[in-house]
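> The structure under discussion is supplied below as structure tokens; questions concerning it will follow.
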Amino acid sequence: MYQIDHAYCNNAGCGGEGTPSKFKHALHSVEHIFRLPALHIFILVVYFLSAEHCLAQFNPQLAVMNCNNCHPKAELSIYRENTEQLYATLLQFKYEQRPALIMNRISKGFSDNELRQIAEFISQADDH
């Protein structure tokens with residue numbers, strides 16, 4: 001995939017003097033591929049690994065607010081107390097079993113579990 005320029009590694013202190021450290025060689029290889037210093041890459045990796053706890057939980061209320069841009073609240077109210085029907089409809093859109101211009105694209109952006117949460121929220125909410 002990528003060819004490592006070993007002259008780069010030799011110039012960067014990875015080789016030339018005895019046997020190069022595998023760790024140093026790996027760092028220089030990563031630097032060469034991504035054109036970033038290894039410290040920056042290390043900081044990015046630590047950030048993304050530690051940021052997992054900061055990831056927001058899916059909020060069906062926010063998703064339903066987007067539904068209201070095209071679907072009036074009265075239209076969504078037909079699904080009150082009918083979670084399974086709405087969930088089945090959303091899955092039909094997602095898996096293109098129901099014709100649509102936009103809903104099939106939108107529904108593909110959600111996992112099946114998120115679509116279930118949306119259906120539950122709509123069917124249980126008094127006002128969206």
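By convention here, the chains of the structure tokens are called A, B, ... in the order presented, each chain's residues are numbered starting at 1, and ligands are numbered starting at 1 in the order presented.
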So which residues touch Cys70 (chain A) within 12 Å, counting only C-alpha atoms, skipping near sequence neighbours fewer than 4 positions away, as a list in words?

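In the requested format, the answer is Val64, Met65, Asn66, Ala74, Glu75, Leu76, Ile102, Met103 and Ile106 of chain A.
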
> Write the residues of the preceding selection, restricted to N, CA and C atoms, as an mmCIF file, in the first residue's frame.


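So out31.cif came out as:
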```cif
data_model
loop_
_atom_site.group_PDB
_atom_site.id
_atom_site.type_symbol
_atom_site.label_atom_id
_atom_site.label_comp_id
_atom_site.auth_asym_id
_atom_site.auth_seq_id
_atom_site.Cartn_x
_atom_site.Cartn_y
_atom_site.Cartn_z
ATOM 1 N N VAL A 64 -36.783 13.696 16.126
ATOM 2 C CA VAL A 64 -38.178 13.995 15.819
ATOM 3 C C VAL A 64 -38.353 15.484 15.507
ATOM 4 N N MET A 65 -37.542 16.326 16.109
ATOM 5 C CA MET A 65 -37.605 17.749 15.771
ATOM 6 C C MET A 65 -37.294 17.946 14.284
ATOM 7 N N ASN A 66 -36.389 17.144 13.761
ATOM 8 C CA ASN A 66 -36.091 17.201 12.330
ATOM 9 C C ASN A 66 -37.248 16.657 11.499
ATOM 10 N N ALA A 74 -49.517 17.126 13.493
ATOM 11 C CA ALA A 74 -50.774 16.384 13.348
ATOM 12 C C ALA A 74 -50.557 15.110 12.535
ATOM 13 N N GLU A 75 -49.680 15.167 11.545
ATOM 14 C CA GLU A 75 -49.404 13.985 10.723
ATOM 15 C C GLU A 75 -48.717 12.907 11.547
ATOM 16 N N LEU A 76 -47.793 13.310 12.404
ATOM 17 C CA LEU A 76 -47.097 12.335 13.247
ATOM 18 C C LEU A 76 -48.006 11.780 14.330
ATOM 19 N N ILE A 102 -37.360 10.815 -0.242
ATOM 20 C CA ILE A 102 -36.407 11.297 0.752
ATOM 21 C C ILE A 102 -36.308 10.380 1.969
ATOM 22 N N MET A 103 -37.436 9.848 2.419
ATOM 23 C CA MET A 103 -37.431 9.084 3.674
ATOM 24 C C MET A 103 -36.516 7.870 3.626
ATOM 25 N N ILE A 106 -33.099 9.292 4.453
ATOM 26 C CA ILE A 106 -32.996 9.739 5.841
ATOM 27 C C ILE A 106 -32.944 8.546 6.781
#
```

> Provide the CA of Gln92 (chain A) to CA of Leu115 (chain A) distance in Å, to one decimal place.

11.1 Å

> As an exercise, work out the distance from CA of Lys73 (chain A) to CA of Ala125 (chain A) in Å and give it to one decimal place.

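These two atoms are separated by 10.7 Å.
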
> Using only C-alpha atoms for the distances, tell me which of A:Thr89, A:Thr83, A:Gln97, A:Ser107 is nearest to Glu120 (chain A).

A:Thr83

> Using only C-alpha atoms, which protein or nucleic acid residues come within 9 Å of region 79-81 of chain A? Drop anything in the same chain fewer than 4 positions from it, and give the result as a VMD selection string.

chain A and resid 75 85 to 86 119 to 120 122 to 126

> Grab the CA of Asn68 (chain A) to CA of Tyr95 (chain A) distance for me, in Å with one decimal place.

22.2 Å
